[in-house]
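S.K.: So here's target.csv (CSV, C-alpha atoms).
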chain,number,residue,atom,x,y,z
F,181,MET,CA,0.7,11.0,-75.2
F,182,ARG,CA,1.0,14.0,-72.8
F,183,ALA,CA,-2.7,14.8,-73.3
F,184,ARG,CA,-3.6,11.2,-72.5
F,185,ALA,CA,-1.5,11.4,-69.3
F,186,LEU,CA,-3.2,14.6,-68.3
F,187,GLY,CA,-6.6,13.1,-69.0
F,188,LEU,CA,-5.8,10.1,-66.8
F,189,ALA,CA,-4.6,12.3,-64.1
F,190,ALA,CA,-7.8,14.3,-64.1
F,191,LEU,CA,-9.9,11.2,-63.9
F,192,ALA,CA,-7.8,10.0,-61.0
F,193,LEU,CA,-8.4,13.3,-59.2
F,194,VAL,CA,-12.2,13.1,-59.7
F,195,ALA,CA,-12.2,9.5,-58.4
F,196,ALA,CA,-10.1,10.6,-55.4
F,197,CYS,CA,-12.4,13.5,-54.6
F,198,GLY,CA,-15.7,11.7,-55.3
F,199,ALA,CA,-18.6,13.0,-57.3
F,200,PRO,CA,-19.2,16.8,-57.6
F,201,ASP,CA,-20.9,18.3,-54.5
F,202,ASP,CA,-24.5,19.1,-55.4
F,203,THR,CA,-25.4,20.5,-52.0
F,204,GLY,CA,-25.6,24.1,-53.2
F,205,ALA,CA,-27.7,23.1,-56.2
F,206,PHE,CA,-30.0,21.2,-53.9
F,207,VAL,CA,-30.4,24.2,-51.5
F,208,LYS,CA,-31.2,26.4,-54.5
F,209,GLN,CA,-33.8,23.9,-55.9
F,210,TYR,CA,-35.4,23.5,-52.5
F,211,ALA,CA,-35.8,27.3,-52.1
F,212,THR,CA,-37.2,27.5,-55.6
F,213,MET,CA,-39.7,24.8,-55.0
F,214,MET,CA,-40.8,26.2,-51.6
F,215,HIS,CA,-41.3,29.6,-53.2
F,216,ALA,CA,-43.5,28.1,-56.0
F,217,ASN,CA,-45.4,26.1,-53.4
F,218,ALA,CA,-46.0,29.1,-51.2
F,219,VAL,CA,-47.2,31.2,-54.1
F,220,ASP,CA,-49.7,28.5,-54.9
F,221,VAL,CA,-50.9,28.5,-51.3
F,222,VAL,CA,-51.4,32.3,-51.5
F,223,GLY,CA,-53.3,31.9,-54.8
F,224,LYS,CA,-55.6,29.4,-53.3
F,225,LEU,CA,-56.1,31.5,-50.2
F,226,GLN,CA,-56.9,34.5,-52.4
F,227,ALA,CA,-59.6,32.5,-54.0
F,228,LEU,CA,-60.9,31.5,-50.6
F,229,SER,CA,-60.9,35.1,-49.5
F,230,ASP,CA,-62.9,36.1,-52.6
F,231,SER,CA,-65.4,33.4,-51.9
F,232,VAL,CA,-65.7,34.5,-48.3
F,233,ASP,CA,-66.3,38.1,-49.3
F,234,ALA,CA,-69.0,37.0,-51.7
F,235,LEU,CA,-70.7,34.9,-49.0
F,236,VAL,CA,-70.6,37.7,-46.5
F,237,ALA,CA,-72.0,40.2,-49.0
F,238,ALA,CA,-74.9,37.8,-49.9
F,239,PRO,CA,-75.2,34.6,-47.9
F,240,SER,CA,-76.6,31.7,-49.8
F,241,GLN,CA,-76.4,27.9,-49.8
F,242,ASP,CA,-74.5,27.9,-53.1
F,243,GLY,CA,-72.1,30.5,-51.8
F,244,PHE,CA,-71.6,28.6,-48.6
F,245,LEU,CA,-70.8,25.3,-50.5
F,246,ALA,CA,-68.5,27.2,-52.8
F,247,THR,CA,-66.6,28.6,-49.8
F,248,GLN,CA,-66.3,25.2,-48.2
F,249,ALA,CA,-64.9,23.9,-51.5
F,250,ALA,CA,-62.4,26.8,-51.7
F,251,TRP,CA,-61.2,25.9,-48.2
F,252,ILE,CA,-60.7,22.3,-49.1
F,253,ASP,CA,-58.8,23.4,-52.3
F,254,THR,CA,-56.2,25.3,-50.2
F,255,ARG,CA,-55.4,22.2,-48.1
F,256,THR,CA,-53.5,20.2,-50.7
F,257,VAL,CA,-51.0,22.8,-51.6
F,258,TYR,CA,-50.6,24.0,-48.0
F,259,GLY,CA,-50.1,20.4,-46.8
F,260,GLU,CA,-47.2,20.0,-49.2
F,261,PHE,CA,-45.6,23.2,-47.9
F,262,GLU,CA,-45.6,22.0,-44.3
F,263,VAL,CA,-42.3,20.2,-45.0
F,264,THR,CA,-40.7,23.6,-44.3
F,265,ARG,CA,-41.6,23.5,-40.7
F,266,PHE,CA,-39.5,22.6,-37.6
F,267,TYR,CA,-36.3,24.4,-38.2
F,268,GLY,CA,-37.1,28.1,-37.5
F,269,GLY,CA,-38.0,29.0,-41.1
F,270,PRO,CA,-40.6,31.5,-42.2
F,271,ILE,CA,-43.6,29.3,-41.5
F,272,ASP,CA,-42.5,28.6,-38.0
F,273,GLY,CA,-42.9,32.3,-37.2
F,274,VAL,CA,-46.6,32.2,-37.9
F,275,GLN,CA,-47.5,28.5,-37.4
F,276,GLY,CA,-49.5,29.2,-34.2
F,277,ARG,CA,-51.9,31.3,-36.2
F,278,VAL,CA,-52.0,29.0,-39.3
F,279,ASN,CA,-52.5,25.3,-38.7
F,280,GLU,CA,-52.8,24.4,-35.1
F,281,TRP,CA,-55.4,21.9,-33.7
F,282,PRO,CA,-57.3,20.6,-31.8
F,283,ILE,CA,-59.7,23.5,-31.3
F,284,ASP,CA,-62.0,24.2,-28.4
F,285,GLU,CA,-65.0,25.2,-30.4
F,286,ASN,CA,-66.6,27.0,-27.5
F,287,PHE,CA,-63.8,29.5,-27.6
F,288,ILE,CA,-65.0,30.7,-31.1
F,289,ASP,CA,-68.8,30.2,-31.3
F,290,TYR,CA,-71.8,28.4,-30.1
F,291,THR,CA,-71.9,24.6,-29.7
F,292,THR,CA,-74.5,22.1,-28.6
F,293,GLY,CA,-75.5,22.9,-25.1
F,294,ASN,CA,-73.8,26.3,-25.2
F,295,PRO,CA,-75.8,28.5,-27.6
F,296,THR,CA,-74.1,31.7,-26.4
F,297,GLY,CA,-70.5,30.5,-26.3
F,298,GLY,CA,-67.4,31.9,-27.9
F,299,ILE,CA,-65.9,35.2,-29.0
F,300,ILE,CA,-68.6,35.7,-31.6
F,301,ASN,CA,-71.3,35.8,-28.9
F,302,ASP,CA,-69.2,37.9,-26.5
F,303,ALA,CA,-69.5,41.5,-27.7
F,304,ALA,CA,-68.8,42.8,-24.2
F,305,HIS,CA,-65.2,41.5,-24.1
F,306,PHE,CA,-64.7,41.5,-27.9
F,307,PRO,CA,-66.5,44.5,-29.3
F,308,GLN,CA,-64.3,44.5,-32.4
F,309,LEU,CA,-63.4,41.4,-34.4
F,310,THR,CA,-60.5,42.7,-36.4
F,311,PRO,CA,-57.6,40.5,-37.6
F,312,ALA,CA,-55.4,42.0,-34.9
F,313,VAL,CA,-58.0,41.2,-32.2
F,314,LEU,CA,-58.2,37.6,-33.3
F,315,ALA,CA,-54.4,37.3,-33.5
F,316,SER,CA,-54.0,38.6,-29.9
F,317,SER,CA,-56.7,36.2,-28.7
F,318,ASP,CA,-55.1,33.1,-30.0
F,319,GLU,CA,-54.4,30.5,-27.2
F,320,ARG,CA,-55.8,33.0,-24.6
F,321,GLY,CA,-56.5,30.9,-21.5
F,322,GLY,CA,-55.5,27.5,-23.0
F,323,ILE,CA,-53.6,25.9,-25.9
F,324,GLU,CA,-56.9,24.7,-27.5
F,325,ASN,CA,-58.3,28.2,-27.4
F,326,LEU,CA,-57.4,28.8,-31.0
F,327,SER,CA,-59.1,31.8,-32.6
F,328,THR,CA,-57.2,31.8,-36.0
F,329,GLY,CA,-56.0,29.7,-38.8
F,330,PHE,CA,-57.3,27.0,-41.1
F,331,HIS,CA,-59.1,25.0,-38.5
F,332,ALA,CA,-60.9,28.1,-37.0
F,333,LEU,CA,-62.2,28.7,-40.5
F,334,GLU,CA,-63.0,25.1,-40.9
F,335,PHE,CA,-65.2,25.2,-37.8
F,336,LEU,CA,-66.9,28.4,-39.0
F,337,LEU,CA,-67.7,26.7,-42.3
F,338,TRP,CA,-68.8,23.3,-41.1
F,339,GLY,CA,-69.6,23.7,-37.4
F,340,GLN,CA,-69.4,21.2,-34.6
F,341,ARG,CA,-69.5,17.5,-35.0
F,342,PRO,CA,-71.7,16.2,-32.3
F,343,ASP,CA,-70.3,12.7,-32.1
F,344,GLN,CA,-67.6,10.4,-33.5
F,345,THR,CA,-69.6,8.6,-36.1
F,346,SER,CA,-71.5,11.4,-37.6
F,347,GLY,CA,-70.0,14.1,-39.7
F,348,PRO,CA,-68.9,16.3,-41.3
F,349,GLY,CA,-70.4,19.2,-39.3
F,350,THR,CA,-73.8,20.5,-40.5
F,351,ARG,CA,-73.6,24.3,-39.9
F,352,PRO,CA,-76.3,25.9,-42.0
F,353,PHE,CA,-75.5,28.9,-44.2
F,354,THR,CA,-78.3,30.7,-42.4
F,355,ASP,CA,-75.9,31.2,-39.4
F,356,TYR,CA,-74.6,34.1,-41.6
F,357,VAL,CA,-78.0,35.5,-42.5
F,358,ASP,CA,-79.5,38.3,-40.4
F,359,GLY,CA,-82.5,36.9,-38.6
F,360,GLY,CA,-81.4,33.4,-39.6
F,361,THR,CA,-80.2,30.6,-37.3
F,362,ALA,CA,-78.2,31.1,-34.1
F,363,THR,CA,-77.5,34.7,-33.1
F,364,ASN,CA,-74.9,37.4,-33.9
F,365,GLN,CA,-74.9,36.6,-37.6
F,366,ALA,CA,-73.3,39.9,-38.4
F,367,ARG,CA,-70.4,39.3,-36.0
F,368,ARG,CA,-70.0,35.8,-37.4
F,369,ARG,CA,-69.7,37.2,-40.9
F,370,THR,CA,-67.1,39.7,-39.6
F,371,TYR,CA,-65.2,36.9,-37.8
F,372,LEU,CA,-65.0,34.8,-40.9
F,373,GLN,CA,-63.8,37.6,-43.0
F,374,SER,CA,-61.2,38.8,-40.5
F,375,ALA,CA,-59.8,35.3,-39.8
F,376,THR,CA,-59.5,34.7,-43.6
F,377,SER,CA,-57.7,38.0,-44.1
F,378,LEU,CA,-55.3,37.2,-41.3
F,379,LEU,CA,-54.4,33.8,-42.7
F,380,LEU,CA,-53.9,35.3,-46.2
F,381,SER,CA,-51.7,38.0,-44.8
F,382,ASP,CA,-49.6,35.6,-42.8
F,383,LEU,CA,-49.0,33.2,-45.6
F,384,SER,CA,-48.4,36.1,-48.1
F,385,GLY,CA,-45.5,37.1,-45.8
F,386,VAL,CA,-44.2,33.6,-45.8
F,387,ALA,CA,-44.3,33.5,-49.6
F,388,ALA,CA,-42.3,36.7,-49.8
F,389,ASP,CA,-39.7,35.2,-47.4
F,390,TRP,CA,-39.1,32.4,-50.0
F,391,ASP,CA,-38.6,34.8,-52.9
F,392,ASP,CA,-34.8,34.7,-53.5
F,393,SER,CA,-35.0,37.7,-55.9
F,394,ASP,CA,-35.1,39.8,-52.8
F,395,GLY,CA,-31.5,39.7,-51.5
F,396,ALA,CA,-32.7,40.2,-47.9
F,397,SER,CA,-35.2,37.3,-48.0
F,398,TYR,CA,-34.9,34.1,-46.0
F,399,ALA,CA,-34.4,32.1,-49.2
F,400,ALA,CA,-31.5,34.3,-50.4
F,401,THR,CA,-29.9,34.1,-47.0
F,402,LEU,CA,-30.3,30.3,-47.1
F,403,GLU,CA,-28.8,30.0,-50.6
F,404,HIS,CA,-25.8,32.2,-50.0
F,405,GLY,CA,-24.8,31.0,-46.6
F,406,SER,CA,-23.1,27.8,-45.5
F,407,THR,CA,-24.4,24.9,-47.7
F,408,HIS,CA,-23.8,22.5,-44.8
F,409,ASP,CA,-25.9,24.7,-42.4
F,410,ALA,CA,-28.7,25.0,-45.0
F,411,LEU,CA,-28.7,21.2,-45.6
F,412,GLN,CA,-28.8,20.7,-41.8
F,413,LEU,CA,-32.0,22.8,-41.5
F,414,ILE,CA,-33.7,21.3,-44.5
F,415,VAL,CA,-33.0,17.7,-43.4
F,416,ARG,CA,-34.1,18.6,-39.8
F,417,GLY,CA,-37.5,19.9,-41.1
F,418,TRP,CA,-37.9,17.1,-43.6
F,419,SER,CA,-37.2,14.4,-41.0
F,420,ASN,CA,-39.5,15.9,-38.4
F,421,MET,CA,-42.3,16.3,-40.8
F,422,THR,CA,-41.9,12.7,-41.8
F,423,VAL,CA,-41.6,11.0,-38.5
F,424,SER,CA,-42.6,13.2,-35.6
F,425,GLU,CA,-45.5,14.9,-37.3
F,426,LEU,CA,-46.9,12.7,-40.0
F,427,TYR,CA,-46.2,9.3,-38.5
F,428,PHE,CA,-46.8,10.0,-34.8
F,429,GLU,CA,-48.9,13.2,-34.4
F,430,ARG,CA,-51.2,12.9,-37.4
F,431,MET,CA,-51.6,9.2,-37.9
F,432,ASN,CA,-50.5,7.1,-34.9
F,433,ASP,CA,-52.0,9.3,-32.2
F,434,PRO,CA,-55.5,9.3,-33.6
F,435,PHE,CA,-55.2,5.6,-34.4
F,436,LEU,CA,-54.4,4.9,-30.8
F,437,THR,CA,-56.8,7.3,-29.1
F,438,GLN,CA,-59.6,6.9,-31.6
F,439,ASN,CA,-60.7,10.4,-30.7
F,440,ARG,CA,-61.9,12.5,-33.6
F,441,LYS,CA,-60.3,15.7,-32.0
F,442,ASP,CA,-56.9,14.1,-32.6
F,443,GLU,CA,-57.4,14.1,-36.3
F,444,GLU,CA,-56.4,17.2,-38.2
F,445,SER,CA,-59.5,18.3,-40.1
F,446,CYS,CA,-62.3,16.8,-38.0
F,447,PHE,CA,-65.0,19.3,-38.7
F,448,SER,CA,-64.9,18.8,-42.5
F,449,GLU,CA,-63.7,15.2,-42.4
F,450,THR,CA,-61.0,15.9,-44.9
F,451,THR,CA,-58.0,14.6,-43.0
F,452,SER,CA,-57.3,12.2,-45.8
F,453,ILE,CA,-56.5,15.1,-48.0
F,454,ASP,CA,-54.1,16.5,-45.4
F,455,LEU,CA,-52.2,13.2,-45.1
F,456,SER,CA,-51.9,12.8,-48.8
F,457,ALA,CA,-50.5,16.3,-49.1
F,458,ASP,CA,-48.1,15.8,-46.3
F,459,ILE,CA,-46.5,12.8,-47.8
F,460,GLU,CA,-46.4,14.4,-51.2
F,461,GLY,CA,-44.4,17.3,-49.8
F,462,ILE,CA,-42.0,14.9,-48.2
F,463,VAL,CA,-41.5,13.1,-51.5
F,464,ASN,CA,-41.1,16.5,-53.3
F,465,VAL,CA,-38.0,17.3,-51.2
F,466,TRP,CA,-36.6,13.8,-51.7
F,467,ASN,CA,-37.0,14.0,-55.5
F,468,GLY,CA,-36.3,17.7,-56.0
F,469,ARG,CA,-39.7,18.2,-57.8
F,470,TYR,CA,-42.7,20.4,-57.4
F,471,GLY,CA,-45.2,20.6,-60.2
F,472,ALA,CA,-43.3,21.3,-63.4
F,473,LEU,CA,-40.1,22.1,-61.4
F,474,ALA,CA,-37.5,19.4,-61.4
F,475,GLY,CA,-33.9,19.6,-60.2
F,476,VAL,CA,-31.5,18.3,-57.6
F,477,GLY,CA,-33.3,16.5,-54.8
F,478,LEU,CA,-32.1,15.1,-51.5
F,479,ALA,CA,-32.0,11.7,-53.2
F,480,THR,CA,-29.3,13.0,-55.5
F,481,LEU,CA,-27.0,13.9,-52.5
F,482,VAL,CA,-27.7,10.6,-50.8
F,483,LYS,CA,-27.1,8.6,-54.0
F,484,ALA,CA,-23.7,10.2,-54.3
F,485,LYS,CA,-22.7,9.0,-50.8
F,486,ASN,CA,-24.6,5.6,-50.7
F,487,PRO,CA,-26.6,4.5,-53.8
F,488,SER,CA,-28.1,1.5,-52.0
F,489,LEU,CA,-29.3,3.7,-49.1
F,490,ALA,CA,-30.9,6.2,-51.6
F,491,ALA,CA,-32.7,3.3,-53.4
F,492,MET,CA,-34.0,2.0,-50.1
F,493,MET,CA,-35.4,5.4,-49.1
F,494,THR,CA,-37.0,5.8,-52.5
F,495,SER,CA,-38.7,2.4,-52.2
F,496,GLU,CA,-39.8,3.1,-48.6
F,497,LEU,CA,-41.3,6.5,-49.5
F,498,ALA,CA,-43.2,5.0,-52.5
F,499,ALA,CA,-44.6,2.3,-50.3
F,500,ALA,CA,-45.7,4.8,-47.6
F,501,GLN,CA,-47.3,7.1,-50.1
F,502,ALA,CA,-49.2,4.3,-51.7
F,503,ALA,CA,-50.4,3.0,-48.3
F,504,ILE,CA,-51.6,6.4,-47.2
F,505,GLU,CA,-53.4,6.9,-50.5
F,506,ALA,CA,-55.1,3.5,-50.0
F,507,ILE,CA,-56.9,4.5,-46.8
F,508,PRO,CA,-60.6,5.0,-47.6
F,509,PRO,CA,-61.9,8.4,-46.5
F,510,PRO,CA,-63.0,9.7,-44.1
F,511,PHE,CA,-59.8,8.9,-42.1
F,512,ASP,CA,-61.4,8.9,-38.7
F,513,HIS,CA,-64.1,6.4,-39.8
F,514,ALA,CA,-61.3,4.1,-41.0
F,515,VAL,CA,-59.6,4.5,-37.6
F,516,ILE,CA,-62.6,3.5,-35.6
F,517,ALA,CA,-63.8,0.7,-38.0
F,518,PRO,CA,-63.7,-2.9,-36.6
F,519,VAL,CA,-60.1,-4.2,-36.3
F,520,ASP,CA,-60.7,-6.9,-38.9
F,521,SER,CA,-62.3,-4.4,-41.4
F,522,ASP,CA,-60.5,-3.5,-44.6
F,523,ALA,CA,-60.5,0.2,-43.7
F,524,HIS,CA,-58.9,-0.3,-40.3
F,525,GLN,CA,-56.3,-2.6,-41.7
F,526,LYS,CA,-55.4,-0.1,-44.3
F,527,VAL,CA,-54.6,2.5,-41.7
F,528,GLN,CA,-52.5,-0.1,-39.9
F,529,ALA,CA,-50.7,-0.9,-43.2
F,530,ALA,CA,-49.9,2.8,-43.7
F,531,LEU,CA,-48.5,3.0,-40.2
F,532,ASP,CA,-46.4,-0.1,-40.9
F,533,ALA,CA,-45.1,1.4,-44.1
F,534,LEU,CA,-44.2,4.7,-42.4
F,535,ALA,CA,-42.5,3.0,-39.4
F,536,PRO,CA,-39.1,2.1,-41.1
F,537,LEU,CA,-38.5,5.6,-42.3
F,538,ALA,CA,-37.1,6.9,-39.0
F,539,ALA,CA,-34.2,4.4,-39.1
F,540,THR,CA,-33.5,5.0,-42.8
F,541,ILE,CA,-33.5,8.8,-42.2
F,542,ARG,CA,-31.0,8.4,-39.4
F,543,GLN,CA,-28.7,6.6,-41.8
F,544,ILE,CA,-29.2,9.3,-44.4
F,545,ALA,CA,-28.3,12.0,-41.8
F,546,THR,CA,-25.1,10.1,-41.0
F,547,ALA,CA,-24.2,9.8,-44.7
F,548,LEU,CA,-24.7,13.5,-45.3
F,549,GLY,CA,-22.9,14.6,-42.1
F,550,VAL,CA,-25.9,16.2,-40.5
F,551,THR,CA,-28.0,15.5,-37.4
F,552,VAL,CA,-31.7,14.8,-36.8
F,553,ASN,CA,-33.8,14.8,-33.7
F,554,ILE,CA,-36.2,11.9,-34.4
Transcribe the structure of this file into structure tokens.
M.R.:
Amino acid sequence: MRARALGLAALALVAACGAPDDTGAFVKQYATMMHANAVDVVGKLQALSDSVDALVAAPSQDGFLATQAAWIDTRTVYGEFEVTRFYGGPIDGVQGRVNEWPIDENFIDYTTGNPTGGIINDAAHFPQLTPAVLASSDERGGIENLSTGFHALEFLLWGQRPDQTSGPGTRPFTDYVDGGTATNQARRRTYLQSATSLLLSDLSGVAADWDDSDGASYAATLEHGSTHDALQLIVRGWSNMTVSELYFERMNDPFLTQNRKDEESCFSETTSIDLSADIEGIVNVWNGRYGALAGVGLATLVKAKNPSLAAMMTSELAAAQAAIEAIPPPFDHAVIAPVDSDAHQKVQAALDALAPLAATIRQIATALGVTVNI
């Protein structure tokens, strides 16, 4: 009888206090996922670096195509990882050297009408093309004067797109062959190698910051500090990636301007891969899953506060992801297609599916007791 009374009292206490607080478990799962994701990014970049080294050593068409493929292969895992941006975390410290765009191609290399343009063809001012020199040159003289990162490499591998409807770029591998096309082929090889090395170094450092086995790492600090503060940061990054970046910057802006320079990966015409990876990273955080890793997600925390709100967000994210995946590549061709075309309407449908997420995220922030700036 007394045991029964104690049991009922315990149940009453649980009911009064609510469900167990899984915030700490969520923060731990988030850090674990981000470390795994960052390690995958570094692995893909190492493969790209190996391909670049082989191309530089013996330029060939096959080697050039293999290097392009290796660059594309990095983009899926990197795009998922971008959900860690916008709250002062490790990626924000190097973001300017990693994934900024648009690029003024003339700052790096020759373009149509400017055969001697860019750092590569300016040995007088840039006698050395080391990673440090490229890093210090980034945004020199203008925000589109980008000398480093994924999209600098993209331009070096695909070259300029002369107009909106043609593409991807058609840079020949002979731009890297002594006595081949263009000029300064040796400097172009050095630039490609140095820019790749810098990107690998920057993101290797980011991966190390997410390794919680190092007690001094960012991940360990996040896990062992205030769970509320950690949740605030994570939700801030997640919400900004979803609304400010994916919806507005990466999809709505190019849809409105119809300018190819506003799409993320314009030289290779692989923006569809970027968009799919971005929404996948957002869904990962919501579900608490990355690859084979599965644990407490943001959805778990929201469900404990408001099950119907959690269900609504799950449904909206699924609809947005499906709509983005339905856009026929290349993305910029779908954007500029006739308004009544299937391709154009699918871009509009994806934007329509993303639009409600901002209001739902604000409700989520309120439920969790954090703030967002969307």
S.K.: Taking all atoms listed in the file into account, produce a table as a Markdown table in which each residue of segment 274-338 of chain F with an atom at most 12 Å from an atom of segment 406-429 of chain F appears once, together with its shortest atom pair and the distance in Å to one decimal, ordered by chain and rising number.
M.R.:
| residue | atom | partner | partner_atom | distance |
| --- | --- | --- | --- | --- |
| F:Glu280 | CA | F:Glu429 | CA | 11.9 |
| F:Trp281 | CA | F:Glu429 | CA | 10.9 |
| F:Pro282 | CA | F:Glu429 | CA | 11.5 |
S.K.: Create the file for the chosen residues now, containing C-alpha atoms and written as a PDB file, in the frame of the given file.
M.R.:
ATOM      1  CA  GLU F 280     -52.800  24.400 -35.100  1.00  0.00           C
ATOM      2  CA  TRP F 281     -55.400  21.900 -33.700  1.00  0.00           C
ATOM      3  CA  PRO F 282     -57.300  20.600 -31.800  1.00  0.00           C
TER       4      PRO F 282
END
S.K.: Quick one, how far is atom CA of Leu473 of chain F from atom CA of Met214 of chain F?
M.R.: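 A separation of 10.6 Å between them.
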S.K.: State, in Å with one decimal place, the distance from atom CA of Gln340 of chain F to atom CA of Gln308 of chain F.
M.R.: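 The value is 24.0 Å.
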S.K.: Grab the atom CA of Tyr267 of chain F to atom CA of Val463 of chain F distance for me, in Å with one decimal place.
M.R.: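 Computing the Euclidean distance for atom CA of Tyr267 of chain F and atom CA of Val463 of chain F yields 18.2 Å.
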S.K.: I'd like the neighbourhood of segment 384-399 of chain F as JSON, numbers by chain, where a residue qualifies if any of its atoms comes within 12 Å (using all atoms listed in the file), though same-chain residues fewer than 3 positions away should be ignored.
M.R.: {"F": [207, 208, 209, 210, 211, 212, 213, 214, 215, 216, 217, 218, 219, 220, 221, 222, 223, 224, 225, 226, 258, 261, 262, 264, 265, 268, 269, 270, 271, 272, 273, 274, 275, 278, 377, 378, 379, 380, 381, 402, 403, 404, 405, 410, 414]}
S.K.: Which residues are close to Ala303 of chain F, i.e. within 12 Å by only C-alpha atoms, leaving aside same-chain residues fewer than 5 positions away? Reply as a PyMOL selection string.
M.R.: chain F and resi 289+296-298+308-309+363-364+366-368+371
S.K.: Write out as lines of an AutoDock Vina configuration file an axis-aligned box for segment 220-236 of chain F: all of its atoms listed in the file, 5 Å added on each side, centre and edge lengths in Å with one decimal.
M.R.:
center_x = -60.2
center_y = 33.3
center_z = -50.7
size_x = 31.0
size_y = 19.6
size_z = 18.4
S.K.: Could you check the closest approach to Ile283 of chain F for each of F:Pro509, F:Gly347, F:Gly322, F:Gly204 and tell me which residue wins, using all atoms listed in the file?
M.R.: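 For Ile283 of chain F, the nearest of the candidates is F:Gly322.
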S.K.: Mind listing as a list in words all residues within 12 Å of (-70.7, 28.1, -28.4), counting all atoms listed in the file?
M.R.: Asp284, Glu285, Asn286, Phe287, Ile288, Asp289, Tyr290, Thr291, Thr292, Gly293, Asn294, Pro295, Thr296, Gly297, Gly298, Ile299, Ile300, Asn301, Asp302, Phe335, Leu336, Gly339, Gln340, Ala362, Thr363, Asn364 and Arg368 of chain F
S.K.: For Thr450 of chain F, please output as a list in words all residues within 8 Å (counting all atoms listed in the file; exclusion window: fewer than 5 positions along the same chain).
M.R.: Ile252, Ser445, Pro509, Pro510 and Phe511 of chain F
S.K.: Name the closest residue to Thr494 of chain F among the candidates F:Ile541, F:Ala474, F:Ala457, F:Phe353; distances are taken between atoms, counting all atoms listed in the file.
M.R.: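 Ranked by minimum distance to Thr494 of chain F, first place goes to F:Ile541.
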S.K.: Which is closest to Val527 of chain F among F:Ala315, F:Val257, F:Met431, F:Ala472, if we use only C-alpha atoms?
M.R.: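 Result for the nearest residue to Val527 of chain F: F:Met431.
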